[in-house]
Amino acid sequence: MEYWDIYDSNKKRTGRTMKRNDWNMQPGDYHLTVQGVVRHKDGRFLITKRVMTKQWAPGWWEVSGGGVMAGEDSADAVRREILEETGLDVTGWDGGYLFSYRRDNPEEGDNYFVDIYRFTGEFSEDDLKLQQNETDGYMLATLDQIEAFAKQGIFLHYDSIKKAFED
């Protein structure tokens, strides 16, 4: 069973935890997630396609990310998520934390913060080891290609993270 820390509205840990995806949060409670934009040194971005069995947004394009485990900091979490989902270890790559945003969804009992990171490095397609239960393919995409997916409404969280694709 995975547990997440519960944060207050100032993004401070409360000392309480919740079961992963247990959407019964109290007003003013938040959990923390991360997203990691992976940029190849040639300027293209690694994006993955969500498997069609996903409950939410199946078949959409996205960057690696997920929940921060209880006791874990977001920098460790984003490196873990990228490694699990793509097989790439971005430790030592250029980049790091860029910004955070907050979402309040009280009707769903799901309030959260998202820490956004970007890492730039050299890798080959042979280095990729995609997590089969999460991804249904990948693409090394240009910003124009990502923006086209966003305009089609099939790129997850694009409006919230688009600054991460800019220099």
# chains A, B, ... in the order shown; residues from 1 in each chain; ligands from 1
call {"tool": "residues_around", "arguments": {"residues": "A:Lys129", "least_positions_apart": "5", "cutoff": "10 Å", "atoms": "only C-alpha atoms", "output": "PDB file with all heavy atoms, in the first residue's frame"}}
result
ATOM      1  N   LEU A  83      12.514   7.487 -14.116  1.00  0.00           N
ATOM      2  CA  LEU A  83      13.208   6.207 -14.240  1.00  0.00           C
ATOM      3  C   LEU A  83      12.221   5.059 -14.406  1.00  0.00           C
ATOM      4  O   LEU A  83      12.384   4.210 -15.283  1.00  0.00           O
ATOM      5  CB  LEU A  83      14.108   5.972 -13.024  1.00  0.00           C
ATOM      6  CG  LEU A  83      14.942   4.690 -13.038  1.00  0.00           C
ATOM      7  CD1 LEU A  83      15.899   4.664 -14.224  1.00  0.00           C
ATOM      8  CD2 LEU A  83      15.705   4.546 -11.726  1.00  0.00           C
ATOM      9  N   GLU A  84      11.166   5.030 -13.573  1.00  0.00           N
ATOM     10  CA  GLU A  84      10.172   3.958 -13.657  1.00  0.00           C
ATOM     11  C   GLU A  84       9.454   3.952 -15.005  1.00  0.00           C
ATOM     12  O   GLU A  84       9.214   2.891 -15.573  1.00  0.00           O
ATOM     13  CB  GLU A  84       9.118   4.119 -12.550  1.00  0.00           C
ATOM     14  CG  GLU A  84       9.592   3.767 -11.169  1.00  0.00           C
ATOM     15  CD  GLU A  84       8.547   4.068 -10.090  1.00  0.00           C
ATOM     16  OE1 GLU A  84       7.434   4.547 -10.416  1.00  0.00           O
ATOM     17  OE2 GLU A  84       8.850   3.823  -8.921  1.00  0.00           O
ATOM     18  N   GLU A  85       9.101   5.118 -15.498  1.00  0.00           N
ATOM     19  CA  GLU A  85       8.266   5.206 -16.693  1.00  0.00           C
ATOM     20  C   GLU A  85       9.043   5.152 -18.004  1.00  0.00           C
ATOM     21  O   GLU A  85       8.499   4.739 -19.019  1.00  0.00           O
ATOM     22  CB  GLU A  85       7.399   6.465 -16.635  1.00  0.00           C
ATOM     23  CG  GLU A  85       6.384   6.400 -15.505  1.00  0.00           C
ATOM     24  CD  GLU A  85       5.520   7.634 -15.380  1.00  0.00           C
ATOM     25  OE1 GLU A  85       5.529   8.486 -16.300  1.00  0.00           O
ATOM     26  OE2 GLU A  85       4.825   7.757 -14.352  1.00  0.00           O
ATOM     27  N   THR A  86      10.323   5.593 -17.977  1.00  0.00           N
ATOM     28  CA  THR A  86      11.082   5.670 -19.232  1.00  0.00           C
ATOM     29  C   THR A  86      12.385   4.879 -19.224  1.00  0.00           C
ATOM     30  O   THR A  86      12.971   4.662 -20.280  1.00  0.00           O
ATOM     31  CB  THR A  86      11.447   7.133 -19.575  1.00  0.00           C
ATOM     32  OG1 THR A  86      12.427   7.604 -18.643  1.00  0.00           O
ATOM     33  CG2 THR A  86      10.227   8.017 -19.570  1.00  0.00           C
ATOM     34  N   GLY A  87      12.866   4.505 -18.039  1.00  0.00           N
ATOM     35  CA  GLY A  87      14.157   3.835 -17.939  1.00  0.00           C
ATOM     36  C   GLY A  87      15.335   4.789 -17.919  1.00  0.00           C
ATOM     37  O   GLY A  87      16.484   4.349 -17.830  1.00  0.00           O
ATOM     38  N   LEU A  88      15.086   6.094 -17.980  1.00  0.00           N
ATOM     39  CA  LEU A  88      16.164   7.085 -17.982  1.00  0.00           C
ATOM     40  C   LEU A  88      16.459   7.569 -16.574  1.00  0.00           C
ATOM     41  O   LEU A  88      15.552   7.971 -15.841  1.00  0.00           O
ATOM     42  CB  LEU A  88      15.792   8.287 -18.859  1.00  0.00           C
ATOM     43  CG  LEU A  88      15.580   8.007 -20.337  1.00  0.00           C
ATOM     44  CD1 LEU A  88      15.133   9.282 -21.054  1.00  0.00           C
ATOM     45  CD2 LEU A  88      16.850   7.444 -20.979  1.00  0.00           C
TER      46      LEU A  88
END
call {"tool": "residues_around", "arguments": {"residues": "A:Tyr117", "least_positions_apart": "4", "cutoff": "6 Å", "atoms": "only C-alpha atoms", "output": "PyMOL selection string"}}
result
chain A and resi 36+96-98
call {"tool": "write_last_selection", "arguments": {"atoms": "N, CA, C and O atoms", "output": "PDB file, in the first residue's frame"}}
result
ATOM      1  N   GLY A  36       7.910  15.603 -14.803  1.00  0.00           N
ATOM      2  CA  GLY A  36       9.269  15.814 -15.279  1.00  0.00           C
ATOM      3  C   GLY A  36       9.340  15.867 -16.792  1.00  0.00           C
ATOM      4  O   GLY A  36       9.081  14.865 -17.466  1.00  0.00           O
ATOM      5  N   GLY A  96      16.400  20.944 -13.542  1.00  0.00           N
ATOM      6  CA  GLY A  96      15.874  20.694 -12.212  1.00  0.00           C
ATOM      7  C   GLY A  96      14.520  21.368 -12.053  1.00  0.00           C
ATOM      8  O   GLY A  96      13.777  21.537 -13.027  1.00  0.00           O
ATOM      9  N   TYR A  97      14.253  21.795 -10.825  1.00  0.00           N
ATOM     10  CA  TYR A  97      12.959  22.386 -10.484  1.00  0.00           C
ATOM     11  C   TYR A  97      12.723  23.679 -11.258  1.00  0.00           C
ATOM     12  O   TYR A  97      13.612  24.525 -11.358  1.00  0.00           O
ATOM     13  N   LEU A  98      11.490  23.840 -11.784  1.00  0.00           N
ATOM     14  CA  LEU A  98      11.118  25.058 -12.499  1.00  0.00           C
ATOM     15  C   LEU A  98      10.060  25.870 -11.758  1.00  0.00           C
ATOM     16  O   LEU A  98      10.240  27.064 -11.511  1.00  0.00           O
TER      17      LEU A  98
END
call {"tool": "closest_residue", "arguments": {"among": "A:Gly65, A:Ala70, A:Ile146, A:Met52", "to": "A:Arg20", "atoms": "only C-alpha atoms"}}
result
A:Ala70
call {"tool": "atom_distance", "arguments": {"atom1": "atom CA of A:Ala164", "atom2": "atom CA of A:Phe99"}}
result
8.5 Å
call {"tool": "select_by_dssp", "arguments": {"residues": "stretch 63-164 of chain A", "states": "helix (DSSP H, G or I)", "output": "ChimeraX atom specification"}}
result
/A:74-86,125-127,143-152,158-164
call {"tool": "write_last_selection", "arguments": {"atoms": "N, CA, C and O atoms", "output": "short mmCIF file (atom, residue, chain, number, x, y, z; two decimals), in the first residue's frame"}}
result
data_model
loop_
_atom_site.label_atom_id
_atom_site.label_comp_id
_atom_site.auth_asym_id
_atom_site.auth_seq_id
_atom_site.Cartn_x
_atom_site.Cartn_y
_atom_site.Cartn_z
N SER A 74 10.13 16.05 -3.51
CA SER A 74 9.68 16.05 -4.91
C SER A 74 10.83 15.81 -5.88
O SER A 74 10.62 15.20 -6.93
N ALA A 75 12.05 16.26 -5.56
CA ALA A 75 13.18 16.04 -6.47
C ALA A 75 13.48 14.54 -6.61
O ALA A 75 13.72 14.05 -7.72
N ASP A 76 13.43 13.81 -5.50
CA ASP A 76 13.63 12.36 -5.57
C ASP A 76 12.47 11.70 -6.30
O ASP A 76 12.65 10.77 -7.08
N ALA A 77 11.25 12.19 -6.05
CA ALA A 77 10.06 11.60 -6.66
C ALA A 77 10.08 11.75 -8.18
O ALA A 77 9.75 10.81 -8.90
N VAL A 78 10.46 12.92 -8.69
CA VAL A 78 10.45 13.12 -10.14
C VAL A 78 11.51 12.25 -10.81
O VAL A 78 11.26 11.66 -11.86
N ARG A 79 12.68 12.12 -10.18
CA ARG A 79 13.70 11.24 -10.76
C ARG A 79 13.22 9.78 -10.75
O ARG A 79 13.43 9.05 -11.71
N ARG A 80 12.56 9.36 -9.66
CA ARG A 80 12.02 8.01 -9.56
C ARG A 80 10.97 7.77 -10.64
O ARG A 80 10.98 6.74 -11.33
N GLU A 81 10.03 8.71 -10.80
CA GLU A 81 8.96 8.55 -11.79
C GLU A 81 9.52 8.46 -13.21
O GLU A 81 9.08 7.64 -14.01
N ILE A 82 10.48 9.33 -13.54
CA ILE A 82 11.07 9.29 -14.89
C ILE A 82 11.77 7.96 -15.11
O ILE A 82 11.62 7.33 -16.16
N LEU A 83 12.51 7.49 -14.12
CA LEU A 83 13.21 6.21 -14.24
C LEU A 83 12.22 5.06 -14.41
O LEU A 83 12.38 4.21 -15.28
N GLU A 84 11.17 5.03 -13.57
CA GLU A 84 10.17 3.96 -13.66
C GLU A 84 9.45 3.95 -15.01
O GLU A 84 9.21 2.89 -15.57
N GLU A 85 9.10 5.12 -15.50
CA GLU A 85 8.27 5.21 -16.69
C GLU A 85 9.04 5.15 -18.00
O GLU A 85 8.50 4.74 -19.02
N THR A 86 10.32 5.59 -17.98
CA THR A 86 11.08 5.67 -19.23
C THR A 86 12.38 4.88 -19.22
O THR A 86 12.97 4.66 -20.28
N GLU A 125 17.35 6.23 -28.24
CA GLU A 125 16.09 5.51 -28.12
C GLU A 125 16.33 4.12 -27.53
O GLU A 125 15.44 3.56 -26.89
N ASP A 126 17.52 3.56 -27.70
CA ASP A 126 17.86 2.27 -27.10
C ASP A 126 17.90 2.34 -25.58
O ASP A 126 17.77 1.31 -24.91
N ASP A 127 18.10 3.53 -25.03
CA ASP A 127 18.14 3.71 -23.57
C ASP A 127 16.75 3.64 -22.94
O ASP A 127 16.63 3.48 -21.73
N LEU A 143 8.44 21.08 -30.11
CA LEU A 143 7.44 21.92 -29.44
C LEU A 143 6.21 22.08 -30.32
O LEU A 143 5.08 22.04 -29.83
N ASP A 144 6.39 22.22 -31.63
CA ASP A 144 5.25 22.34 -32.54
C ASP A 144 4.36 21.10 -32.49
O ASP A 144 3.13 21.21 -32.50
N GLN A 145 4.96 19.92 -32.42
CA GLN A 145 4.17 18.69 -32.33
C GLN A 145 3.40 18.62 -31.01
O GLN A 145 2.23 18.23 -30.98
N ILE A 146 4.04 19.02 -29.93
CA ILE A 146 3.37 19.02 -28.62
C ILE A 146 2.22 20.01 -28.63
O ILE A 146 1.12 19.71 -28.16
N GLU A 147 2.45 21.19 -29.18
CA GLU A 147 1.38 22.20 -29.25
C GLU A 147 0.21 21.70 -30.11
O GLU A 147 -0.94 21.98 -29.81
N ALA A 148 0.51 20.94 -31.16
CA ALA A 148 -0.56 20.39 -32.00
C ALA A 148 -1.40 19.39 -31.20
O ALA A 148 -2.63 19.39 -31.30
N PHE A 149 -0.75 18.53 -30.41
CA PHE A 149 -1.51 17.61 -29.55
C PHE A 149 -2.36 18.39 -28.55
O PHE A 149 -3.51 18.03 -28.27
N ALA A 150 -1.79 19.47 -28.01
CA ALA A 150 -2.55 20.29 -27.04
C ALA A 150 -3.78 20.90 -27.70
O ALA A 150 -4.87 20.90 -27.11
N LYS A 151 -3.64 21.40 -28.92
CA LYS A 151 -4.77 21.98 -29.64
C LYS A 151 -5.85 20.94 -29.93
O LYS A 151 -7.03 21.28 -29.99
N GLN A 152 -5.43 19.69 -30.11
CA GLN A 152 -6.39 18.60 -30.31
C GLN A 152 -7.04 18.16 -29.00
O GLN A 152 -7.96 17.36 -29.00
N TYR A 158 -1.30 20.28 -20.45
CA TYR A 158 -0.45 21.18 -21.24
C TYR A 158 -0.55 22.63 -20.78
O TYR A 158 0.47 23.30 -20.62
N ASP A 159 -1.76 23.14 -20.59
CA ASP A 159 -1.90 24.54 -20.22
C ASP A 159 -1.19 24.87 -18.91
O ASP A 159 -0.69 25.98 -18.73
N SER A 160 -1.14 23.91 -18.00
CA SER A 160 -0.50 24.14 -16.70
C SER A 160 1.03 24.03 -16.77
O SER A 160 1.71 24.61 -15.93
N ILE A 161 1.55 23.28 -17.74
CA ILE A 161 3.00 23.04 -17.76
C ILE A 161 3.71 23.62 -18.98
O ILE A 161 4.91 23.45 -19.13
N LYS A 162 2.99 24.31 -19.86
CA LYS A 162 3.59 24.73 -21.14
C LYS A 162 4.86 25.57 -20.95
O LYS A 162 5.75 25.52 -21.80
N LYS A 163 4.98 26.31 -19.85
CA LYS A 163 6.20 27.07 -19.60
C LYS A 163 7.43 26.18 -19.51
O LYS A 163 8.55 26.62 -19.78
N ALA A 164 7.25 24.91 -19.13
CA ALA A 164 8.36 24.00 -18.97
C ALA A 164 8.98 23.60 -20.31
O ALA A 164 10.10 23.10 -20.34
#
call {"tool": "closest_residue", "arguments": {"among": "A:Glu72, A:Gly67, A:Val51, A:Val90", "to": "A:Tyr138", "atoms": "only C-alpha atoms"}}
result
A:Val51
call {"tool": "residues_around", "arguments": {"residues": "A:Tyr30", "least_positions_apart": "5", "cutoff": "9 Å", "atoms": "only C-alpha atoms", "output": "list of chain:residue names"}}
result
A:Asp5, A:Ile6, A:Tyr7, A:Asp8, A:Ser9, A:Lys11, A:Met25, A:Arg102, A:Arg103, A:Asp104, A:Asp110, A:Asn111, A:Tyr112, A:Phe113
call {"tool": "write_last_selection", "arguments": {"atoms": "all heavy atoms", "output": "compact mmCIF listing (two decimals), in the first residue's frame"}}
result
# COMPACT_ATOMS: atom_id res chain seq x y z
N ASP A 5 2.00 11.98 1.81
CA ASP A 5 1.90 13.00 2.84
C ASP A 5 0.74 13.93 2.52
O ASP A 5 0.44 14.17 1.35
CB ASP A 5 3.19 13.83 2.93
CG ASP A 5 4.34 13.07 3.57
OD1 ASP A 5 4.11 12.41 4.61
OD2 ASP A 5 5.46 13.15 3.03
N ILE A 6 0.11 14.45 3.55
CA ILE A 6 -0.92 15.48 3.39
C ILE A 6 -0.27 16.82 3.70
O ILE A 6 0.42 16.97 4.72
CB ILE A 6 -2.13 15.23 4.31
CG1 ILE A 6 -2.81 13.92 3.91
CG2 ILE A 6 -3.11 16.40 4.24
CD1 ILE A 6 -3.94 13.51 4.84
N TYR A 7 -0.49 17.78 2.83
CA TYR A 7 0.08 19.12 2.95
C TYR A 7 -1.04 20.11 3.25
O TYR A 7 -2.20 19.87 2.93
CB TYR A 7 0.76 19.53 1.63
CG TYR A 7 1.97 18.69 1.29
CD1 TYR A 7 1.83 17.41 0.78
CD2 TYR A 7 3.25 19.19 1.50
CE1 TYR A 7 2.95 16.64 0.47
CE2 TYR A 7 4.37 18.42 1.19
CZ TYR A 7 4.21 17.14 0.68
OH TYR A 7 5.31 16.39 0.39
N ASP A 8 -0.65 21.27 3.82
CA ASP A 8 -1.62 22.34 4.02
C ASP A 8 -1.62 23.26 2.81
O ASP A 8 -0.89 23.03 1.84
CB ASP A 8 -1.35 23.09 5.33
CG ASP A 8 -0.04 23.87 5.34
OD1 ASP A 8 0.55 24.14 4.26
OD2 ASP A 8 0.40 24.25 6.44
N SER A 9 -2.41 24.31 2.85
CA SER A 9 -2.55 25.21 1.69
C SER A 9 -1.28 26.00 1.40
O SER A 9 -1.16 26.62 0.34
CB SER A 9 -3.72 26.17 1.90
OG SER A 9 -3.49 26.97 3.04
N LYS A 11 1.63 24.42 1.30
CA LYS A 11 2.52 23.36 0.84
C LYS A 11 3.51 22.92 1.93
O LYS A 11 4.65 22.60 1.66
CB LYS A 11 3.26 23.77 -0.43
CG LYS A 11 3.79 22.61 -1.24
CD LYS A 11 4.34 23.10 -2.56
CE LYS A 11 5.47 22.29 -3.05
NZ LYS A 11 6.13 22.89 -4.19
N MET A 25 -10.16 13.72 0.92
CA MET A 25 -9.39 14.75 1.60
C MET A 25 -10.32 15.79 2.20
O MET A 25 -11.39 16.07 1.69
CB MET A 25 -8.42 15.40 0.61
CG MET A 25 -7.46 14.39 -0.01
SD MET A 25 -6.39 15.13 -1.23
CE MET A 25 -5.26 15.97 -0.14
N ARG A 102 -0.97 24.89 -8.04
CA ARG A 102 -1.91 24.29 -7.10
C ARG A 102 -3.26 24.12 -7.77
O ARG A 102 -3.71 25.01 -8.49
CB ARG A 102 -2.04 25.20 -5.88
CG ARG A 102 -2.92 24.64 -4.79
CD ARG A 102 -2.89 25.57 -3.60
NE ARG A 102 -4.18 26.21 -3.46
CZ ARG A 102 -4.48 27.06 -2.50
NH1 ARG A 102 -3.59 27.40 -1.60
NH2 ARG A 102 -5.68 27.59 -2.43
N ARG A 103 -3.91 22.99 -7.51
CA ARG A 103 -5.26 22.72 -8.00
C ARG A 103 -6.16 22.45 -6.81
O ARG A 103 -5.82 21.64 -5.95
CB ARG A 103 -5.29 21.47 -8.89
CG ARG A 103 -4.93 21.70 -10.31
CD ARG A 103 -6.05 22.41 -11.07
NE ARG A 103 -5.52 23.24 -12.12
CZ ARG A 103 -4.99 22.82 -13.24
NH1 ARG A 103 -4.90 21.55 -13.49
NH2 ARG A 103 -4.52 23.67 -14.12
N ASP A 104 -7.30 23.09 -6.81
CA ASP A 104 -8.31 22.87 -5.78
C ASP A 104 -9.53 22.24 -6.44
O ASP A 104 -10.14 22.85 -7.32
CB ASP A 104 -8.70 24.20 -5.12
CG ASP A 104 -7.56 24.79 -4.31
OD1 ASP A 104 -6.74 25.53 -4.89
OD2 ASP A 104 -7.50 24.49 -3.12
N ASP A 110 -10.05 16.12 -4.07
CA ASP A 110 -8.69 15.95 -4.60
C ASP A 110 -8.04 17.31 -4.84
O ASP A 110 -8.12 17.86 -5.92
CB ASP A 110 -8.74 15.15 -5.91
CG ASP A 110 -7.36 14.92 -6.49
OD1 ASP A 110 -6.37 14.99 -5.75
OD2 ASP A 110 -7.27 14.68 -7.71
N ASN A 111 -7.39 17.82 -3.81
CA ASN A 111 -6.62 19.06 -3.92
C ASN A 111 -5.15 18.66 -3.98
O ASN A 111 -4.72 17.77 -3.25
CB ASN A 111 -6.85 19.95 -2.71
CG ASN A 111 -8.31 20.29 -2.51
OD1 ASN A 111 -9.05 20.50 -3.47
ND2 ASN A 111 -8.74 20.33 -1.27
N TYR A 112 -4.38 19.35 -4.84
CA TYR A 112 -2.99 18.94 -4.96
C TYR A 112 -2.10 20.08 -5.45
O TYR A 112 -2.57 21.04 -6.05
CB TYR A 112 -2.85 17.73 -5.88
CG TYR A 112 -3.43 17.91 -7.27
CD1 TYR A 112 -2.64 18.38 -8.32
CD2 TYR A 112 -4.76 17.61 -7.53
CE1 TYR A 112 -3.17 18.53 -9.59
CE2 TYR A 112 -5.29 17.75 -8.79
CZ TYR A 112 -4.50 18.22 -9.82
OH TYR A 112 -5.03 18.38 -11.08
N PHE A 113 -0.83 19.93 -5.16
CA PHE A 113 0.23 20.75 -5.71
C PHE A 113 0.97 19.91 -6.74
O PHE A 113 1.06 18.69 -6.60
CB PHE A 113 1.24 21.16 -4.63
CG PHE A 113 0.70 22.14 -3.63
CD1 PHE A 113 0.20 21.69 -2.41
CD2 PHE A 113 0.70 23.50 -3.90
CE1 PHE A 113 -0.29 22.59 -1.48
CE2 PHE A 113 0.21 24.41 -2.97
CZ PHE A 113 -0.28 23.94 -1.76
call {"tool": "residues_around", "arguments": {"residues": "A:Lys41", "least_positions_apart": "2", "cutoff": "10 Å", "atoms": "only C-alpha atoms", "output": "PyMOL selection string"}}
result
chain A and resi 38-39+43-45+94+119-123
call {"tool": "atom_distance", "arguments": {"atom1": "atom CA of A:Leu32", "atom2": "atom CA of A:Val114"}}
result
5.9 Å
call {"tool": "select_by_dssp", "arguments": {"residues": "chain A", "states": "strand (DSSP E or B)", "output": "NGL selection string"}}
result
:A and (3-7 or 13-19 or 30-40 or 45-50 or 61-62 or 64-67 or 94-103 or 112-121 or 135-141 or 155)
